[in-house]
>>> print(open('run28.tsv').read())   # TSV, C-alpha atoms
chain	number	residue	atom	x	y	z
A	1	MET	CA	-20.96	12.31	-5.19
A	2	ILE	CA	-22.39	11.84	-8.69
A	3	ASP	CA	-19.59	9.42	-9.60
A	4	PHE	CA	-20.27	7.48	-6.39
A	5	ILE	CA	-23.98	7.14	-7.27
A	6	LYS	CA	-23.11	5.98	-10.81
A	7	LYS	CA	-20.72	3.34	-9.51
A	8	GLN	CA	-23.29	2.15	-6.99
A	9	SER	CA	-26.29	2.29	-9.36
A	10	LEU	CA	-26.86	-1.48	-9.49
A	11	PHE	CA	-26.53	-1.77	-5.72
A	12	ILE	CA	-28.95	1.15	-5.25
A	13	TYR	CA	-31.51	-0.48	-7.55
A	14	VAL	CA	-31.22	-3.73	-5.60
A	15	CYS	CA	-31.73	-1.90	-2.29
A	16	LEU	CA	-34.79	-0.08	-3.63
A	17	ALA	CA	-36.20	-3.35	-4.97
A	18	ILE	CA	-35.71	-4.91	-1.53
A	19	ALA	CA	-37.44	-1.88	0.04
A	20	LEU	CA	-40.46	-2.31	-2.27
A	21	LEU	CA	-40.60	-6.06	-1.61
A	22	HIS	CA	-40.26	-5.34	2.10
A	23	ALA	CA	-43.31	-3.05	1.93
A	24	LEU	CA	-45.50	-5.33	-0.17
A	25	VAL	CA	-44.83	-8.50	1.84
A	26	LEU	CA	-45.00	-7.03	5.33
A	27	SER	CA	-48.15	-5.06	4.59
A	28	GLN	CA	-49.89	-8.42	4.11
A	29	VAL	CA	-48.91	-9.78	7.53
A	30	LEU	CA	-48.77	-6.63	9.67
A	31	PRO	CA	-51.50	-4.03	10.26
A	32	ILE	CA	-49.26	-1.28	8.88
A	33	ALA	CA	-49.96	0.62	5.66
A	34	TRP	CA	-47.67	-0.36	2.78
A	35	TYR	CA	-46.55	3.22	2.13
A	36	TYR	CA	-45.29	3.50	5.72
A	37	LEU	CA	-43.37	0.28	5.22
A	38	LEU	CA	-42.02	1.56	1.90
A	39	ILE	CA	-40.63	4.68	3.57
A	40	ASP	CA	-39.09	2.50	6.27
A	41	GLY	CA	-37.60	0.23	3.59
A	42	ILE	CA	-36.07	3.17	1.72
A	43	VAL	CA	-34.50	4.46	4.94
A	44	GLN	CA	-33.07	0.98	5.54
A	45	ALA	CA	-31.76	0.88	1.95
A	46	CYS	CA	-29.97	4.19	2.55
A	47	PHE	CA	-28.24	2.65	5.56
A	48	TYR	CA	-27.02	-0.27	3.43
A	49	ILE	CA	-25.80	2.03	0.65
A	50	ALA	CA	-23.85	4.07	3.20
A	51	PHE	CA	-22.56	0.88	4.82
A	52	ASP	CA	-21.50	-0.51	1.43
A	53	TRP	CA	-19.32	2.60	1.00
A	54	LEU	CA	-18.00	2.36	4.58
A	55	ILE	CA	-17.05	-1.31	4.42
A	56	LYS	CA	-15.18	-0.69	1.15
A	57	ARG	CA	-13.17	2.01	2.88
A	58	VAL	CA	-12.47	-0.33	5.80
A	59	MET	CA	-11.38	-3.20	3.54
A	60	ASN	CA	-9.33	-1.05	1.17
A	61	TYR	CA	-7.65	1.33	3.58
A	62	GLY	CA	-7.95	-0.43	6.92
A	63	ASN	CA	-5.66	-3.23	5.71
A	64	MET	CA	-8.35	-5.75	6.66
A	65	ASP	CA	-6.89	-8.45	4.40
A	66	ALA	CA	-3.80	-8.50	6.59
A	67	LEU	CA	-5.81	-9.71	9.57
A	68	PRO	CA	-6.39	-13.39	10.43
A	69	VAL	CA	-9.66	-14.85	9.13
A	70	PHE	CA	-11.11	-15.14	12.65
A	71	GLN	CA	-10.34	-11.46	13.37
A	72	ARG	CA	-11.95	-10.42	10.08
A	73	ILE	CA	-15.11	-12.32	11.02
A	74	ILE	CA	-15.18	-10.63	14.44
A	75	ASN	CA	-14.71	-7.18	12.89
A	76	CYS	CA	-17.47	-7.75	10.33
A	77	THR	CA	-19.77	-9.11	13.03
A	78	VAL	CA	-19.22	-6.04	15.22
A	79	LEU	CA	-19.95	-3.76	12.27
A	80	GLY	CA	-23.08	-5.81	11.58
A	81	VAL	CA	-24.32	-5.49	15.16
A	82	VAL	CA	-23.82	-1.71	15.08
A	83	LEU	CA	-25.53	-1.37	11.69
A	84	THR	CA	-28.47	-3.56	12.70
A	85	ALA	CA	-28.89	-1.65	15.97
A	86	LEU	CA	-28.94	1.67	14.08
A	87	ILE	CA	-31.53	0.37	11.61
A	88	LEU	CA	-33.80	-0.98	14.35
A	89	LEU	CA	-33.50	2.22	16.39
A	90	CYS	CA	-34.26	4.36	13.35
A	91	SER	CA	-37.29	2.20	12.47
A	92	TYR	CA	-38.59	2.36	16.02
A	93	LEU	CA	-38.30	6.15	16.13
A	94	LEU	CA	-39.86	6.44	12.68
A	95	PHE	CA	-42.95	4.42	13.58
A	96	ASP	CA	-43.27	5.50	17.20
A	97	ILE	CA	-42.72	9.23	16.71
A	98	VAL	CA	-43.36	10.09	13.04
A	99	PHE	CA	-46.07	7.50	12.35
A	100	CYS	CA	-47.45	7.69	15.87
A	101	THR	CA	-50.82	6.10	15.02
A	102	ILE	CA	-49.30	2.60	14.85
A	103	ASP	CA	-49.59	0.44	17.97
A	104	LYS	CA	-46.51	-0.77	19.86
A	105	GLU	CA	-47.23	-4.48	19.28
A	106	SER	CA	-47.13	-4.07	15.50
A	107	ILE	CA	-43.93	-2.03	15.76
A	108	PHE	CA	-42.16	-4.72	17.79
A	109	LYS	CA	-43.30	-7.47	15.37
A	110	LEU	CA	-41.85	-5.40	12.54
A	111	LEU	CA	-38.56	-4.94	14.39
A	112	TRP	CA	-38.16	-8.71	14.87
A	113	VAL	CA	-38.73	-9.28	11.16
A	114	LYS	CA	-36.23	-6.54	10.30
A	115	PHE	CA	-33.69	-8.02	12.71
A	116	TYR	CA	-33.61	-11.40	10.97
A	117	SER	CA	-33.82	-10.00	7.44
A	118	GLY	CA	-31.18	-7.41	8.31
A	119	ILE	CA	-28.64	-10.07	9.26
A	120	PHE	CA	-29.19	-11.81	5.92
A	121	ILE	CA	-28.91	-8.61	3.87
A	122	TYR	CA	-25.86	-7.48	5.86
A	123	TRP	CA	-23.84	-10.55	4.92
A	124	ILE	CA	-24.91	-10.10	1.28
A	125	VAL	CA	-23.44	-6.59	1.43
A	126	VAL	CA	-20.20	-7.85	3.00
A	127	ASN	CA	-19.84	-10.58	0.36
A	128	HIS	CA	-20.62	-8.07	-2.40
A	129	VAL	CA	-17.82	-5.77	-1.24
A	130	TYR	CA	-15.33	-8.57	-0.51
A	131	TYR	CA	-15.68	-10.33	-3.85
A	132	HIS	CA	-15.83	-7.01	-5.73
A	133	ASN	CA	-12.45	-6.13	-4.19
A	134	ARG	CA	-11.04	-9.55	-5.04
A	135	GLU	CA	-12.21	-9.25	-8.67
A	136	SER	CA	-10.66	-5.76	-8.89
A	137	GLU	CA	-7.34	-7.09	-7.60
A	138	ASP	CA	-7.40	-10.09	-9.94
A	139	SER	CA	-8.21	-7.94	-12.99
A	140	GLU	CA	-5.46	-5.47	-12.07
A	141	GLU	CA	-2.92	-8.25	-11.67
A	142	GLU	CA	-3.90	-9.64	-15.07
A	143	GLY	CA	-3.45	-6.18	-16.53
A	144	GLU	CA	-0.06	-5.87	-14.89
A	145	LYS	CA	1.07	-9.17	-16.43
A	146	ILE	CA	0.09	-7.97	-19.90
A	147	THR	CA	1.03	-4.28	-19.89
A	148	GLU	CA	3.76	-3.94	-17.30
A	149	GLU	CA	6.99	-2.55	-18.74
A	150	PRO	CA	10.14	-1.48	-16.97
A	151	ILE	CA	10.14	2.23	-16.11
A	152	THR	CA	13.19	4.00	-17.51
A	153	ALA	CA	14.99	6.62	-15.52
A	154	HIS	CA	15.25	8.97	-18.52
A	155	ASP	CA	13.97	12.46	-17.67
A	156	ILE	CA	12.51	11.22	-14.36
A	157	GLU	CA	13.63	13.00	-11.22
A	158	ILE	CA	14.23	10.65	-8.31
A	159	LEU	CA	12.90	12.09	-5.08
A	160	GLU	CA	15.13	12.59	-2.06
A	161	ARG	CA	12.45	14.25	0.07
A	162	VAL	CA	8.70	14.84	0.00
A	163	ALA	CA	7.24	18.21	1.01
A	164	ILE	CA	3.70	18.23	2.40
A	165	LYS	CA	1.73	21.38	3.10
A	166	ASN	CA	-0.01	21.05	6.44
A	167	GLY	CA	-2.10	24.15	7.13
A	168	LYS	CA	0.32	27.05	7.54
A	169	LYS	CA	3.38	24.82	7.85
A	170	ILE	CA	5.22	22.48	5.52
A	171	ASP	CA	6.43	19.06	6.62
A	172	VAL	CA	9.52	17.74	4.84
A	173	ILE	CA	9.91	13.96	4.87
A	174	LEU	CA	13.20	12.37	3.86
A	175	VAL	CA	12.53	9.47	1.49
A	176	PRO	CA	14.53	6.87	3.52
A	177	ASN	CA	12.28	7.61	6.52
A	178	ILE	CA	9.14	6.49	4.69
A	179	PHE	CA	7.84	3.07	5.76
A	180	TYR	CA	5.16	2.76	3.10
A	181	ILE	CA	2.69	4.72	0.99
A	182	GLN	CA	-1.00	3.86	0.80
A	183	ALA	CA	-3.52	4.87	-1.87
A	184	ASP	CA	-6.42	6.99	-0.65
A	185	GLY	CA	-8.58	8.05	-3.58
A	186	ASP	CA	-7.02	11.14	-5.20
A	187	TYR	CA	-4.51	11.31	-2.34
A	188	VAL	CA	-1.89	9.09	-0.77
A	189	GLN	CA	-1.10	8.46	2.89
A	190	ILE	CA	2.63	8.50	3.67
A	191	TYR	CA	3.56	6.52	6.79
A	192	THR	CA	6.70	7.29	8.78
A	193	ALA	CA	7.91	6.70	12.33
A	194	GLU	CA	6.64	10.22	13.14
A	195	GLY	CA	3.11	9.51	11.92
A	196	ARG	CA	0.91	9.61	8.84
A	197	PHE	CA	0.91	12.42	6.26
A	198	MET	CA	-1.61	13.02	3.46
A	199	LYS	CA	-0.49	14.33	0.08
A	200	GLU	CA	-2.47	15.07	-3.07
A	201	GLU	CA	-0.57	12.88	-5.50
A	202	THR	CA	-0.97	9.58	-7.33
A	203	MET	CA	0.52	6.19	-6.58
A	204	LYS	CA	1.90	6.12	-10.14
A	205	PHE	CA	3.86	9.30	-9.49
A	206	PHE	CA	5.57	7.83	-6.44
A	207	GLN	CA	6.12	4.51	-8.18
A	208	GLU	CA	8.03	6.35	-10.92
A	209	HIS	CA	9.85	8.96	-8.80
A	210	LEU	CA	10.99	6.97	-5.75
A	211	PRO	CA	14.28	5.02	-5.89
A	212	ALA	CA	13.45	1.73	-7.65
A	213	ASP	CA	15.99	-0.20	-5.57
A	214	MET	CA	14.33	0.96	-2.34
A	215	PHE	CA	10.59	1.23	-3.02
A	216	VAL	CA	8.37	-1.44	-4.57
A	217	ARG	CA	4.68	-1.34	-5.37
A	218	VAL	CA	3.63	-4.61	-3.77
A	219	HIS	CA	-0.13	-4.08	-4.13
A	220	ARG	CA	-2.48	-1.71	-5.93
A	221	SER	CA	-2.79	0.14	-2.60
A	222	TYR	CA	0.76	-0.06	-1.23
A	223	ILE	CA	4.29	1.03	-2.08
A	224	VAL	CA	6.72	-0.27	0.53
A	225	ASN	CA	10.26	0.67	1.54
A	226	VAL	CA	12.19	-2.62	1.34
A	227	GLU	CA	14.63	-1.39	4.01
A	228	LYS	CA	11.74	-1.23	6.48
A	229	ILE	CA	10.70	-4.86	5.92
A	230	GLN	CA	11.31	-7.23	8.82
A	231	ARG	CA	10.01	-10.43	7.23
A	232	ILE	CA	7.63	-11.84	4.63
A	233	ASP	CA	5.13	-14.60	5.48
A	234	ASN	CA	2.93	-16.76	3.29
A	235	TYR	CA	-0.66	-15.64	3.75
A	236	GLU	CA	-3.16	-16.99	1.24
A	237	LYS	CA	-2.95	-18.48	-2.23
A	238	GLN	CA	-0.68	-16.28	-4.37
A	239	THR	CA	-0.46	-13.62	-1.66
A	240	GLN	CA	2.16	-12.81	0.96
A	241	LEU	CA	2.06	-10.79	4.15
A	242	ILE	CA	4.79	-8.19	4.62
A	243	ILE	CA	5.63	-7.42	8.25
A	244	LEU	CA	7.40	-4.08	8.69
A	245	LYS	CA	9.85	-3.14	11.42
A	246	ASN	CA	7.21	-0.95	13.07
A	247	GLY	CA	4.88	-3.97	13.37
A	248	GLU	CA	2.46	-3.02	10.60
A	249	LYS	CA	1.35	-5.67	8.11
A	250	LEU	CA	0.73	-5.21	4.39
A	251	LYS	CA	-0.64	-7.66	1.85
A	252	ALA	CA	1.39	-8.23	-1.32
A	253	SER	CA	-0.36	-9.33	-4.51
A	254	ALA	CA	1.15	-11.98	-6.76
A	255	ALA	CA	2.44	-9.37	-9.23
A	256	GLY	CA	3.69	-7.15	-6.39
A	257	TYR	CA	5.53	-10.02	-4.73
A	258	LYS	CA	7.19	-10.83	-8.04
A	259	ARG	CA	8.52	-7.25	-8.23
A	260	LEU	CA	9.63	-7.40	-4.60
A	261	LYS	CA	11.62	-10.60	-5.17
A	262	LEU	CA	13.47	-8.97	-8.05
A	263	VAL	CA	14.52	-6.04	-5.84
A	264	LEU	CA	15.51	-8.41	-2.99
A	265	ASN	CA	17.38	-10.69	-5.43
A	266	LEU	CA	15.33	-13.73	-4.38
>>> encode(input="run28.tsv", output="structure tokens")
Amino acid sequence: MIDFIKKQSLFIYVCLAIALLHALVLSQVLPIAWYYLLIDGIVQACFYIAFDWLIKRVMNYGNMDALPVFQRIINCTVLGVVLTALILLCSYLLFDIVFCTIDKESIFKLLWVKFYSGIFIYWIVVNHVYYHNRESEDSEEEGEKITEEPITAHDIEILERVAIKNGKKIDVILVPNIFYIQADGDYVQIYTAEGRFMKEETMKFFQEHLPADMFVRVHRSYIVNVEKIQRIDNYEKQTQLIILKNGEKLKASAAGYKRLKLVLNL
């Protein structure tokens, strides 16, 4: 939690600054005390901080980049409607129940202002997350171009199966049955025809210990089994879309696609 706050410190400061500005400006045009508006602004800022975290999870682990642009816009719009509705409902309850001395007319004027400002701030948050992810990918690809070296097989055990403890039982997954592996913080998600399995391990470990002629790290978040690939489509500039035999779609970075072509002898 502390690491999360440190990483989000600039964003938190911006949200708090917006909350203060929100209070100072609206207190001049609405008959509501500035300190009530400040509390409301801080609550709204907390929603945006939480949403910033949520949308990063959706973009990173929901494979959002693999969707068509129109579908991405629809998904972001739906998330925006839900977020805005939650903020307006929370503000209404805050002023109508907690600060019950404020008249209904002033509350509804405030909600209209928050509705329009909320849409604007929401798209700022989405752009912040989207371009932050793009910059992270670009910087990683640059790092890969400079530091990437072939991994030698010396003293490295190549996995034939992966054992995953699941409560009181242990699931054993044969390596050829894996479709792809996805990064998930300090864990990875292993996808097979039987479902998804979580294991506490790093992507680097699997990149080094899976058969190099079968598994390729095509993206900072994905290691794919080349035998499960159905086709590869052009997607955006310097990126390709990998369609697997189970219908799932994964984005390949420029560096990842270069590695994939070597394994496929393209």
>>> closest_residue(input="run28.tsv", among="A:Leu250, A:Ile173, A:Ile158, A:Leu266", to="Ala193 in chain A", atoms="only C-alpha atoms")
A:Ile173
>>> residues_around(input="run28.tsv", residues="Gln240 in chain A", least_positions_apart="4", cutoff="8 Å", atoms="all atoms listed in the file", output="PDB file with C-alpha atoms, keeping the file's coordinate frame")
ATOM      1  CA  ILE A 232       7.630 -11.840   4.630  1.00  0.00           C
ATOM      2  CA  ASP A 233       5.130 -14.600   5.480  1.00  0.00           C
ATOM      3  CA  ASN A 234       2.930 -16.760   3.290  1.00  0.00           C
ATOM      4  CA  TYR A 235      -0.660 -15.640   3.750  1.00  0.00           C
ATOM      5  CA  GLU A 236      -3.160 -16.990   1.240  1.00  0.00           C
ATOM      6  CA  LYS A 251      -0.640  -7.660   1.850  1.00  0.00           C
ATOM      7  CA  ALA A 252       1.390  -8.230  -1.320  1.00  0.00           C
ATOM      8  CA  SER A 253      -0.360  -9.330  -4.510  1.00  0.00           C
ATOM      9  CA  ALA A 254       1.150 -11.980  -6.760  1.00  0.00           C
ATOM     10  CA  TYR A 257       5.530 -10.020  -4.730  1.00  0.00           C
TER      11      TYR A 257
END
>>> residues_around(input="run28.tsv", residues="Glu201 in chain A", least_positions_apart="4", cutoff="9 Å", atoms="all atoms listed in the file", output="list in words")
Asp186, Tyr187, Val188, Phe205 and Phe206 of chain A
>>> write_last_selection(input="run28.tsv", atoms="C-alpha atoms", output="PDB file, keeping the file's coordinate frame")
ATOM      1  CA  ASP A 186      -7.020  11.140  -5.200  1.00  0.00           C
ATOM      2  CA  TYR A 187      -4.510  11.310  -2.340  1.00  0.00           C
ATOM      3  CA  VAL A 188      -1.890   9.090  -0.770  1.00  0.00           C
ATOM      4  CA  PHE A 205       3.860   9.300  -9.490  1.00  0.00           C
ATOM      5  CA  PHE A 206       5.570   7.830  -6.440  1.00  0.00           C
TER       6      PHE A 206
END
>>> residues_around(input="run28.tsv", residues="Asp96 in chain A", least_positions_apart="5", cutoff="12 Å", atoms="all atoms listed in the file", output="PyMOL selection string")
chain A and resi 36+88-91+101-108+110-111
>>> residues_near_point(input="run28.tsv", point="(-2.9, 8.6, -0.5)", cutoff="10 Å", atoms="all atoms listed in the file", output="PyMOL selection string")
chain A and resi 61+181-191+197-203+221-222
>>> write_last_selection(input="run28.tsv", atoms="C-alpha atoms", output="PDB file, in the frame of the given file")
ATOM      1  CA  TYR A  61      -7.650   1.330   3.580  1.00  0.00           C
ATOM      2  CA  ILE A 181       2.690   4.720   0.990  1.00  0.00           C
ATOM      3  CA  GLN A 182      -1.000   3.860   0.800  1.00  0.00           C
ATOM      4  CA  ALA A 183      -3.520   4.870  -1.870  1.00  0.00           C
ATOM      5  CA  ASP A 184      -6.420   6.990  -0.650  1.00  0.00           C
ATOM      6  CA  GLY A 185      -8.580   8.050  -3.580  1.00  0.00           C
ATOM      7  CA  ASP A 186      -7.020  11.140  -5.200  1.00  0.00           C
ATOM      8  CA  TYR A 187      -4.510  11.310  -2.340  1.00  0.00           C
ATOM      9  CA  VAL A 188      -1.890   9.090  -0.770  1.00  0.00           C
ATOM     10  CA  GLN A 189      -1.100   8.460   2.890  1.00  0.00           C
ATOM     11  CA  ILE A 190       2.630   8.500   3.670  1.00  0.00           C
ATOM     12  CA  TYR A 191       3.560   6.520   6.790  1.00  0.00           C
ATOM     13  CA  PHE A 197       0.910  12.420   6.260  1.00  0.00           C
ATOM     14  CA  MET A 198      -1.610  13.020   3.460  1.00  0.00           C
ATOM     15  CA  LYS A 199      -0.490  14.330   0.080  1.00  0.00           C
ATOM     16  CA  GLU A 200      -2.470  15.070  -3.070  1.00  0.00           C
ATOM     17  CA  GLU A 201      -0.570  12.880  -5.500  1.00  0.00           C
ATOM     18  CA  THR A 202      -0.970   9.580  -7.330  1.00  0.00           C
ATOM     19  CA  MET A 203       0.520   6.190  -6.580  1.00  0.00           C
ATOM     20  CA  SER A 221      -2.790   0.140  -2.600  1.00  0.00           C
ATOM     21  CA  TYR A 222       0.760  -0.060  -1.230  1.00  0.00           C
TER      22      TYR A 222
END
>>> axis_aligned_box(input="run28.tsv", around="range 211-228 of chain A", padding_each_side="4 Å", output="AutoDock Vina command-line options")
--center_x 6.6 --center_y 0.2 --center_z -0.6 --size_x 26.8 --size_y 17.6 --size_z 22.1
>>> residues_around(input="run28.tsv", residues="Val43 in chain A", least_positions_apart="2", cutoff="9 Å", atoms="all atoms listed in the file", output="PyMOL selection string")
chain A and resi 19+38-41+45-48+87+90-91
>>> atom_distance(input="run28.tsv", atom1="CA of His209 in chain A", atom2="CA of Ile156 in chain A")
6.6 Å
>>> residues_near_point(input="run28.tsv", point="(8.1, -8.1, 7.9)", cutoff="8 Å", atoms="only C-alpha atoms", output="list in words")
Lys228, Ile229, Gln230, Arg231, Ile232, Asp233, Leu241, Ile242, Ile243, Leu244, Lys245, Gly247 and Lys249 of chain A
>>> atom_distance(input="run28.tsv", atom1="CA of Ser117 in chain A", atom2="CA of Val98 in chain A")
22.9 Å
>>> atom_distance(input="run28.tsv", atom1="CA of Arg220 in chain A", atom2="CA of Phe179 in chain A")
16.3 Å
>>> closest_residue(input="run28.tsv", among="A:Ala255, A:Val25, A:Phe99, A:Cys76", to="Val113 in chain A", atoms="all atoms listed in the file")
A:Val25
>>> closest_residue(input="run28.tsv", among="A:Cys15, A:Ile223, A:Ile164, A:Val78", to="Ile178 in chain A", atoms="all atoms listed in the file")
A:Ile223
